[in-house]
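Visitor: To be precise about what I am sending: the file is called protein.txt and holds compact mmCIF, C-alpha atoms.
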```
# COMPACT_ATOMS: atom_id res chain seq x y z
CA MET I 48 -3.57 -10.73 23.24
CA ASP I 49 -0.10 -11.97 24.19
CA VAL I 50 3.41 -11.09 23.04
CA SER I 51 2.85 -12.95 19.76
CA PHE I 52 0.15 -10.39 18.98
CA TRP I 53 1.61 -7.19 20.41
CA LEU I 54 5.15 -7.51 19.04
CA PRO I 55 4.06 -7.87 15.38
CA LEU I 56 1.54 -5.08 15.93
CA ILE I 57 4.20 -2.71 17.30
CA MET I 58 6.52 -3.57 14.41
CA LYS I 59 3.74 -2.95 11.89
CA MET I 60 2.90 0.37 13.52
CA LEU I 61 6.53 1.51 13.51
CA THR I 62 7.30 0.40 9.95
CA SER I 63 4.05 1.86 8.64
CA ALA I 64 4.79 5.17 10.37
CA ALA I 65 8.31 5.25 8.95
CA ILE I 66 7.24 4.58 5.37
CA VAL I 67 4.28 6.98 5.41
CA VAL I 68 6.22 9.84 7.01
CA ALA I 69 9.10 9.29 4.56
CA ALA I 70 6.72 9.16 1.60
CA SER I 71 4.86 12.30 2.70
CA LEU I 72 8.13 14.23 3.08
CA VAL I 73 9.34 13.03 -0.31
CA VAL I 74 6.03 14.02 -1.90
CA GLU I 75 6.35 17.56 -0.56
CA ARG I 76 9.94 17.86 -1.79
CA SER I 77 10.12 15.73 -4.94
CA GLY I 78 6.56 15.35 -6.17
CA PRO I 79 3.84 12.70 -6.30
CA PHE I 80 5.61 10.07 -8.40
CA VAL I 81 8.64 9.43 -6.17
CA GLY I 82 6.46 9.45 -3.06
CA ALA I 83 4.12 6.93 -4.68
CA MET I 84 7.04 4.61 -5.43
CA ILE I 85 7.96 4.64 -1.75
CA ALA I 86 4.40 4.21 -0.52
CA THR I 87 3.80 1.11 -2.67
CA LEU I 88 6.80 -0.81 -1.35
CA PRO I 89 5.81 -3.69 0.98
CA ILE I 90 7.72 -2.29 3.93
CA SER I 91 4.61 -2.48 6.09
CA ALA I 92 3.45 -5.88 4.82
CA GLY I 93 6.94 -7.35 4.95
CA PRO I 94 7.26 -7.54 8.76
CA ALA I 95 3.76 -9.03 8.95
CA TYR I 96 4.79 -11.88 6.65
CA ALA I 97 8.07 -12.26 8.53
CA PHE I 98 6.22 -12.80 11.82
CA LEU I 99 3.88 -15.24 10.10
CA ALA I 100 6.94 -17.14 8.92
CA LEU I 101 8.17 -17.40 12.51
CA ASP I 102 4.83 -18.66 13.81
CA HIS I 103 3.84 -20.93 10.91
CA GLY I 104 5.42 -23.07 8.24
CA SER I 105 6.26 -22.37 4.63
CA ASP I 106 2.97 -23.91 3.49
CA PHE I 107 1.09 -21.30 5.50
CA ILE I 108 3.18 -18.48 4.02
CA SER I 109 2.50 -19.77 0.52
CA ALA I 110 -1.25 -19.87 1.17
CA SER I 111 -1.17 -16.42 2.78
CA ALA I 112 0.61 -15.00 -0.25
CA LEU I 113 -2.09 -16.43 -2.51
CA ALA I 114 -4.76 -14.81 -0.33
CA GLY I 115 -2.89 -11.51 -0.44
CA LEU I 116 -2.54 -11.78 -4.20
CA LYS I 117 -6.27 -11.87 -4.85
CA VAL I 118 -7.08 -9.26 -2.23
CA SER I 119 -4.42 -6.85 -3.51
CA ALA I 120 -6.73 -6.25 -6.47
CA ALA I 121 -9.17 -4.63 -4.04
CA THR I 122 -6.43 -2.24 -2.92
CA VAL I 123 -6.17 -0.95 -6.47
CA VAL I 124 -9.93 -0.40 -6.45
CA TYR I 125 -9.49 1.59 -3.22
CA MET I 126 -6.82 3.73 -4.90
CA LEU I 127 -9.01 4.58 -7.87
CA VAL I 128 -12.08 5.41 -5.79
CA TYR I 129 -10.05 7.64 -3.47
CA ALA I 130 -8.36 9.42 -6.39
CA ALA I 131 -11.74 10.13 -7.98
CA ALA I 132 -13.44 11.17 -4.75
CA ALA I 133 -10.58 13.43 -3.64
CA GLN I 134 -11.10 15.70 -6.63
CA ARG I 135 -14.19 17.19 -5.01
CA MET I 136 -14.58 15.74 -1.50
CA GLY I 137 -12.81 16.27 1.81
CA VAL I 138 -10.37 13.84 3.32
CA LEU I 139 -12.78 11.91 5.54
CA ALA I 140 -15.42 11.57 2.85
CA SER I 141 -12.83 10.52 0.27
CA VAL I 142 -11.15 7.93 2.48
CA GLY I 143 -14.50 6.72 3.82
CA SER I 144 -16.03 6.19 0.39
CA ALA I 145 -12.90 4.41 -0.86
CA LEU I 146 -12.89 2.14 2.20
CA ALA I 147 -16.58 1.33 1.70
CA VAL I 148 -15.99 0.23 -1.90
CA TRP I 149 -12.87 -1.66 -0.78
CA ALA I 150 -14.88 -3.53 1.86
CA VAL I 151 -17.53 -4.51 -0.70
CA SER I 152 -14.80 -5.66 -3.10
CA ILE I 153 -13.17 -7.73 -0.36
CA SER I 154 -16.46 -9.41 0.56
CA VAL I 155 -17.10 -10.36 -3.07
CA ILE I 156 -13.56 -11.62 -3.67
CA LEU I 157 -13.40 -13.70 -0.50
CA LYS I 158 -16.59 -15.55 -1.40
CA GLY I 159 -14.89 -17.29 -4.32
CA GLN I 160 -12.32 -20.07 -4.41
CA TRP I 161 -9.35 -18.69 -6.32
CA SER I 162 -6.53 -20.64 -7.89
CA PHE I 163 -3.17 -18.98 -8.53
CA GLY I 164 -4.05 -18.55 -12.19
CA GLY I 165 -7.44 -17.11 -11.28
CA ALA I 166 -5.88 -14.62 -8.88
CA LEU I 167 -3.44 -13.50 -11.59
CA ALA I 168 -6.29 -13.16 -14.08
CA LEU I 169 -8.23 -11.06 -11.57
CA ASN I 170 -5.28 -8.73 -11.12
CA GLY I 171 -4.72 -8.56 -14.87
CA ALA I 172 -8.32 -7.48 -15.43
CA VAL I 173 -8.18 -4.90 -12.65
CA TYR I 174 -4.93 -3.35 -13.87
CA ALA I 175 -6.12 -3.29 -17.48
CA VAL I 176 -8.89 -0.93 -16.32
CA ALA I 177 -7.05 0.81 -13.47
CA ILE I 178 -3.89 2.01 -15.22
CA PRO I 179 -5.68 4.07 -17.92
CA LEU I 180 -8.08 5.50 -15.32
CA ALA I 181 -5.25 6.36 -12.92
CA ARG I 182 -3.57 8.51 -15.58
CA LYS I 183 -6.51 10.92 -15.36
CA PHE I 184 -5.61 11.74 -11.76
CA SER I 185 -1.81 11.43 -11.80
CA ALA I 186 -0.77 14.74 -13.36
CA ALA I 187 -1.84 17.22 -10.68
CA GLY I 188 0.90 19.56 -9.53
CA MET I 189 2.13 19.91 -5.97
CA PRO I 190 1.27 23.23 -4.28
CA VAL I 191 3.58 24.99 -1.88
CA SER I 192 3.52 23.10 1.42
CA ALA I 193 2.34 24.62 4.64
CA LYS I 194 4.92 26.05 7.01
CA LYS I 195 6.75 23.31 8.89
CA ARG I 196 6.29 23.07 12.65
CA ALA I 197 8.46 21.33 15.22
CA TRP I 198 5.70 18.85 16.06
CA ASP I 199 4.80 18.08 12.44
CA ILE I 200 6.77 14.85 11.92
CA PRO I 201 5.97 13.35 15.35
CA PHE I 202 2.31 14.13 14.72
CA ARG I 203 2.40 12.36 11.35
CA ALA I 204 4.05 9.30 12.89
CA ALA I 205 1.58 9.20 15.77
CA LEU I 206 -1.37 9.50 13.38
CA VAL I 207 -0.18 6.58 11.25
CA MET I 208 0.50 4.40 14.28
CA LEU I 209 -2.97 5.18 15.62
CA VAL I 210 -4.62 4.21 12.32
CA VAL I 211 -2.65 0.97 12.07
CA GLY I 212 -3.23 0.06 15.71
CA VAL I 213 -6.98 0.68 15.59
CA THR I 214 -7.29 -1.29 12.34
CA VAL I 215 -5.43 -4.34 13.59
CA VAL I 216 -6.94 -4.39 17.10
CA ALA I 217 -10.44 -3.97 15.68
CA GLY I 218 -9.86 -6.90 13.39
CA ARG I 219 -8.55 -8.99 16.26
CA THR I 220 -11.50 -8.27 18.55
CA LEU I 221 -14.33 -8.38 16.00
CA GLY I 222 -13.74 -11.89 14.72
CA PRO I 223 -11.63 -13.87 12.25
CA SER I 224 -13.30 -12.64 9.08
CA ILE I 225 -12.80 -9.01 10.10
CA ALA I 226 -9.27 -9.84 11.20
CA ALA I 227 -8.42 -11.22 7.76
CA ALA I 228 -9.76 -8.10 6.07
CA ALA I 229 -8.09 -5.77 8.59
CA ALA I 230 -4.71 -7.42 8.04
CA LEU I 231 -4.97 -6.59 4.33
CA ALA I 232 -6.43 -3.10 4.75
CA PRO I 233 -4.60 -0.34 2.81
CA VAL I 234 -3.44 1.37 6.00
CA VAL I 235 -0.35 2.96 4.41
CA LEU I 236 -2.38 4.54 1.61
CA MET I 237 -5.10 5.54 4.04
CA SER I 238 -2.61 7.13 6.43
CA LEU I 239 -0.87 8.93 3.57
CA ALA I 240 -4.20 10.45 2.53
CA LEU I 241 -5.01 11.53 6.09
CA ILE I 242 -1.65 13.30 6.30
CA LEU I 243 -1.36 14.86 2.84
CA HIS I 244 -4.94 15.67 1.89
CA PRO I 245 -5.38 18.47 4.45
CA ARG I 246 -1.89 19.84 3.70
CA VAL I 247 -1.63 19.85 -0.09
CA GLY I 248 -5.23 19.32 -1.20
CA GLY I 249 -7.25 16.46 -2.62
CA ALA I 250 -6.07 16.71 -6.24
CA ALA I 251 -2.39 16.59 -5.30
CA THR I 252 -2.91 13.71 -2.87
CA ALA I 253 -4.97 11.88 -5.49
CA SER I 254 -2.01 12.28 -7.84
CA VAL I 255 0.23 10.48 -5.34
CA VAL I 256 -2.23 7.60 -4.97
CA ALA I 257 -2.88 7.37 -8.71
CA ASN I 258 0.85 7.32 -9.48
CA GLY I 259 1.10 4.36 -7.12
CA VAL I 260 -1.16 2.11 -9.20
CA PRO I 261 1.64 0.90 -11.53
CA GLY I 262 3.85 0.41 -8.48
CA MET I 263 1.36 -2.09 -7.07
CA ILE I 264 2.23 -4.44 -9.95
CA GLY I 265 5.52 -5.06 -8.17
CA PHE I 266 3.56 -6.19 -5.12
CA VAL I 267 1.69 -8.66 -7.32
CA GLY I 268 5.02 -10.02 -8.54
CA ALA I 269 6.35 -10.25 -4.98
CA LEU I 270 3.30 -12.16 -3.73
CA SER I 271 3.41 -14.47 -6.75
CA LEU I 272 7.03 -15.35 -6.07
CA LEU I 273 6.32 -15.88 -2.39
CA HIS I 274 3.41 -18.20 -3.17
CA LEU I 275 5.42 -20.25 -5.67
CA CYS I 276 8.75 -20.38 -3.83
CA ALA I 277 8.00 -20.39 -0.10
CA VAL I 278 7.78 -24.18 0.09
CA ARG I 279 10.62 -24.89 -2.33
CA LEU I 280 13.15 -22.31 -1.14
CA GLY I 281 11.98 -21.71 2.41
CA ALA I 282 10.10 -18.75 3.79
CA ALA I 283 13.14 -16.64 4.73
CA LEU I 284 14.83 -16.69 1.33
CA SER I 285 11.51 -16.29 -0.47
CA LEU I 286 10.66 -13.21 1.59
CA ILE I 287 13.99 -11.62 0.69
CA LEU I 288 13.52 -12.39 -2.98
CA ALA I 289 9.94 -11.08 -2.91
CA LEU I 290 11.10 -7.79 -1.39
CA GLY I 291 13.75 -7.60 -4.11
CA VAL I 292 11.09 -8.03 -6.79
CA SER I 293 9.03 -5.16 -5.42
CA ILE I 294 12.01 -2.83 -4.99
CA GLY I 295 13.35 -3.75 -8.42
CA TRP I 296 10.01 -3.08 -10.11
CA ASN I 297 9.58 0.35 -8.54
CA ALA I 298 13.20 1.22 -9.30
CA SER I 299 12.63 0.27 -12.94
CA LEU I 300 9.55 2.52 -13.07
CA MET I 301 11.62 5.41 -11.71
CA ALA I 302 14.41 4.74 -14.21
CA ALA I 303 11.94 4.56 -17.11
CA ARG I 304 10.33 7.84 -16.07
CA ARG I 305 13.72 9.53 -15.80
CA TRP I 306 14.64 8.22 -19.25
CA ARG I 307 11.43 9.65 -20.74
CA LEU I 308 11.98 13.03 -19.07
CA LEU I 309 15.56 13.21 -20.32
CA GLY I 310 14.38 12.32 -23.79
CA ARG I 311 11.91 15.22 -23.78
CA VAL I 312 14.60 17.76 -22.99
CA GLY I 313 17.00 16.23 -25.47
CA VAL I 314 19.66 15.18 -22.96
```
Is it possible to express this structure as structure tokens?
Guide:
Amino acid sequence: MDVSFWLPLIMKMLTSAAIVVAASLVVERSGPFVGAMIATLPISAGPAYAFLALDHGSDFISASALAGLKVSAATVVYMLVYAAAAQRMGVLASVGSALAVWAVSISVILKGQWSFGGALALNGAVYAVAIPLARKFSAAGMPVSAKKRAWDIPFRAALVMLVVGVTVVAGRTLGPSIAAAAALAPVVLMSLALILHPRVGGAATASVVANGVPGMIGFVGALSLLHLCAVRLGAALSLILALGVSIGWNASLMAARRWRLLGRVGV
């Protein structure tokens, strides 16, 4: 495990901690929807792809984006299972059951040979089922948060970094197949659940995760662009454009929601 391993790992730990802590604070102040829009941005995955671009060529980035595209469907499955389990179960049982189903989904998906069109079709089928189901869990209100403590934010950041570090190192040491799965594990969503579930309850945390399902469509668009354009435009420009797609999609969801809310009050 040399610098080429530890530097990307540290960056992933730091960026994951930043996004999860920011999302959890936004959730407690502004509600589940806005926090979900932050949590589903590829701010954690982005640095990982950037380091891959430094170590490998554009062809590798294109292939990696295709792999991420088909596996991202399993992340949506994780989100639904957690949202359902969190209605009645504690945080560890909810996250554990969601991860178990995610692992089974990953093993099934990785057994097949997927074309770009096949990966898109897989995502289309998953979202056709997931979006209506997610609405059942997305309307829970946010209770009054627990009293803030001076160590609260550092503790949240340390918890996320620990989860990310253990996930990546375990994948590295347990073999290439585990490494591939660990690299695509929903560590941001998992960390968000570990932070919020004990503080605001399972139903409210499930609402955050469920509200994030439509936001994941932007990640599908970002990976699709990266797969199609990495070779033609170069990895650096394609990564910037892919990030723009994801940010633009989530921003459009926020604008649409605001428009609907204003329409209800007659403004």
Visitor: Hey, can you check how far atom CA of I:Gly159 sits from atom CA of I:Thr122?
Guide: 17.3 Å
Visitor: Just checking: using all atoms listed in the file, which residue out of I:Val292, I:Met58, I:Ala64, I:Ala97 ends up closest to I:Ala204?
Guide: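 Answer, going by the shortest atom-to-atom distance: I:Ala64.
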Visitor: Need the shell around I:Gly249: protein/DNA/RNA residues with any atom at most 9 Å away, counting only C-alpha atoms. Skip same-chain ones fewer than 3 positions apart. Format as an mmCIF file with C-alpha atoms, keeping the file's coordinate frame?
Guide:
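Listing of part.cif after writing:
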```cif
data_model
loop_
_atom_site.group_PDB
_atom_site.id
_atom_site.type_symbol
_atom_site.label_atom_id
_atom_site.label_comp_id
_atom_site.auth_asym_id
_atom_site.auth_seq_id
_atom_site.Cartn_x
_atom_site.Cartn_y
_atom_site.Cartn_z
ATOM 1 C CA ALA I 130 -8.360 9.420 -6.390
ATOM 2 C CA ALA I 132 -13.440 11.170 -4.750
ATOM 3 C CA ALA I 133 -10.580 13.430 -3.640
ATOM 4 C CA GLN I 134 -11.100 15.700 -6.630
ATOM 5 C CA ARG I 135 -14.190 17.190 -5.010
ATOM 6 C CA MET I 136 -14.580 15.740 -1.500
ATOM 7 C CA GLY I 137 -12.810 16.270 1.810
ATOM 8 C CA VAL I 138 -10.370 13.840 3.320
ATOM 9 C CA SER I 141 -12.830 10.520 0.270
ATOM 10 C CA ALA I 240 -4.200 10.450 2.530
ATOM 11 C CA LEU I 243 -1.360 14.860 2.840
ATOM 12 C CA HIS I 244 -4.940 15.670 1.890
ATOM 13 C CA PRO I 245 -5.380 18.470 4.450
ATOM 14 C CA ARG I 246 -1.890 19.840 3.700
ATOM 15 C CA THR I 252 -2.910 13.710 -2.870
ATOM 16 C CA ALA I 253 -4.970 11.880 -5.490
ATOM 17 C CA SER I 254 -2.010 12.280 -7.840
#
```
Visitor: Kindly give the distance, in Å, that separates atom CA of I:Met126 and atom CA of I:Val256, rounded to a single decimal.
Guide: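 Separating atom CA of I:Met126 from atom CA of I:Val256 is a distance of 6.0 Å.
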Visitor: Select, from I:Ile178, I:Ala187, I:Leu167, I:Val173, the residue with the minimum atom-to-atom distance to I:Ala250, counting all atoms listed in the file.
Guide: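 Of I:Ile178, I:Ala187, I:Leu167, I:Val173, the one nearest I:Ala250, counting all atoms listed in the file, is I:Ala187.
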Visitor: Counting all atoms listed in the file, which residues of stretch 251-287 of chain I sit at most 12 Å from some atom of stretch 105-118 of chain I, and what is each one's closest atom pair with its distance in Å to one decimal, listed by chain and rising residue number, as JSON lines?
Guide:
```
{"residue": "I:Met263", "atom": "CA", "partner": "I:Leu116", "partner_atom": "CA", "distance": 10.8}
{"residue": "I:Ile264", "atom": "CA", "partner": "I:Leu116", "partner_atom": "CA", "distance": 10.5}
{"residue": "I:Gly265", "atom": "CA", "partner": "I:Leu116", "partner_atom": "CA", "distance": 11.2}
{"residue": "I:Phe266", "atom": "CA", "partner": "I:Leu116", "partner_atom": "CA", "distance": 8.3}
{"residue": "I:Val267", "atom": "CA", "partner": "I:Leu116", "partner_atom": "CA", "distance": 6.1}
{"residue": "I:Gly268", "atom": "CA", "partner": "I:Leu116", "partner_atom": "CA", "distance": 8.9}
{"residue": "I:Ala269", "atom": "CA", "partner": "I:Ala112", "partner_atom": "CA", "distance": 8.8}
{"residue": "I:Leu270", "atom": "CA", "partner": "I:Ala112", "partner_atom": "CA", "distance": 5.2}
{"residue": "I:Ser271", "atom": "CA", "partner": "I:Leu116", "partner_atom": "CA", "distance": 7.0}
{"residue": "I:Leu272", "atom": "CA", "partner": "I:Ala112", "partner_atom": "CA", "distance": 8.7}
{"residue": "I:Leu273", "atom": "CA", "partner": "I:Ala112", "partner_atom": "CA", "distance": 6.2}
{"residue": "I:His274", "atom": "CA", "partner": "I:Ser109", "partner_atom": "CA", "distance": 4.1}
{"residue": "I:Leu275", "atom": "CA", "partner": "I:Ser109", "partner_atom": "CA", "distance": 6.9}
{"residue": "I:Cys276", "atom": "CA", "partner": "I:Ser109", "partner_atom": "CA", "distance": 7.6}
{"residue": "I:Ala277", "atom": "CA", "partner": "I:Ser105", "partner_atom": "CA", "distance": 5.4}
{"residue": "I:Val278", "atom": "CA", "partner": "I:Ser105", "partner_atom": "CA", "distance": 5.1}
{"residue": "I:Arg279", "atom": "CA", "partner": "I:Ser105", "partner_atom": "CA", "distance": 8.6}
{"residue": "I:Leu280", "atom": "CA", "partner": "I:Ser105", "partner_atom": "CA", "distance": 9.0}
{"residue": "I:Gly281", "atom": "CA", "partner": "I:Ser105", "partner_atom": "CA", "distance": 6.2}
{"residue": "I:Ala282", "atom": "CA", "partner": "I:Ser105", "partner_atom": "CA", "distance": 5.3}
{"residue": "I:Ala283", "atom": "CA", "partner": "I:Ser105", "partner_atom": "CA", "distance": 9.0}
{"residue": "I:Leu284", "atom": "CA", "partner": "I:Ser105", "partner_atom": "CA", "distance": 10.8}
{"residue": "I:Ser285", "atom": "CA", "partner": "I:Ser105", "partner_atom": "CA", "distance": 9.5}
{"residue": "I:Leu286", "atom": "CA", "partner": "I:Ile108", "partner_atom": "CA", "distance": 9.5}
```
Visitor: List as a list in words the protein and nucleic acid residues near stretch 77-92 of chain I, meaning an atom at most 7 Å away when all atoms listed in the file are counted, but skip any in the same chain fewer than 2 places from it.
Guide: Lys59, Thr62, Ser63, Ile66, Val67, Ala70, Ser71, Val73, Val74, Glu75, Pro94, Ala95, Tyr96, Met189, Val235, Ser254, Val255, Val256, Asn258, Gly259, Gly262, Met263, Phe266, Ser293, Ile294 and Asn297 of chain I
Visitor: Given the choices I:Arg203, I:His103, I:Ala168, I:Val216, which gets closest to I:Ile242 if the distance is worked out from only C-alpha atoms?
Guide: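 Counting only C-alpha atoms, the residue closest to I:Ile242 is I:Arg203.
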Visitor: Using all atoms listed in the file, find the one residue out of I:Met301, I:Val68, I:Pro55, I:Met237 that sits nearest to I:Ala100.
Guide: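 Among the listed residues, I:Pro55 lies closest to I:Ala100.
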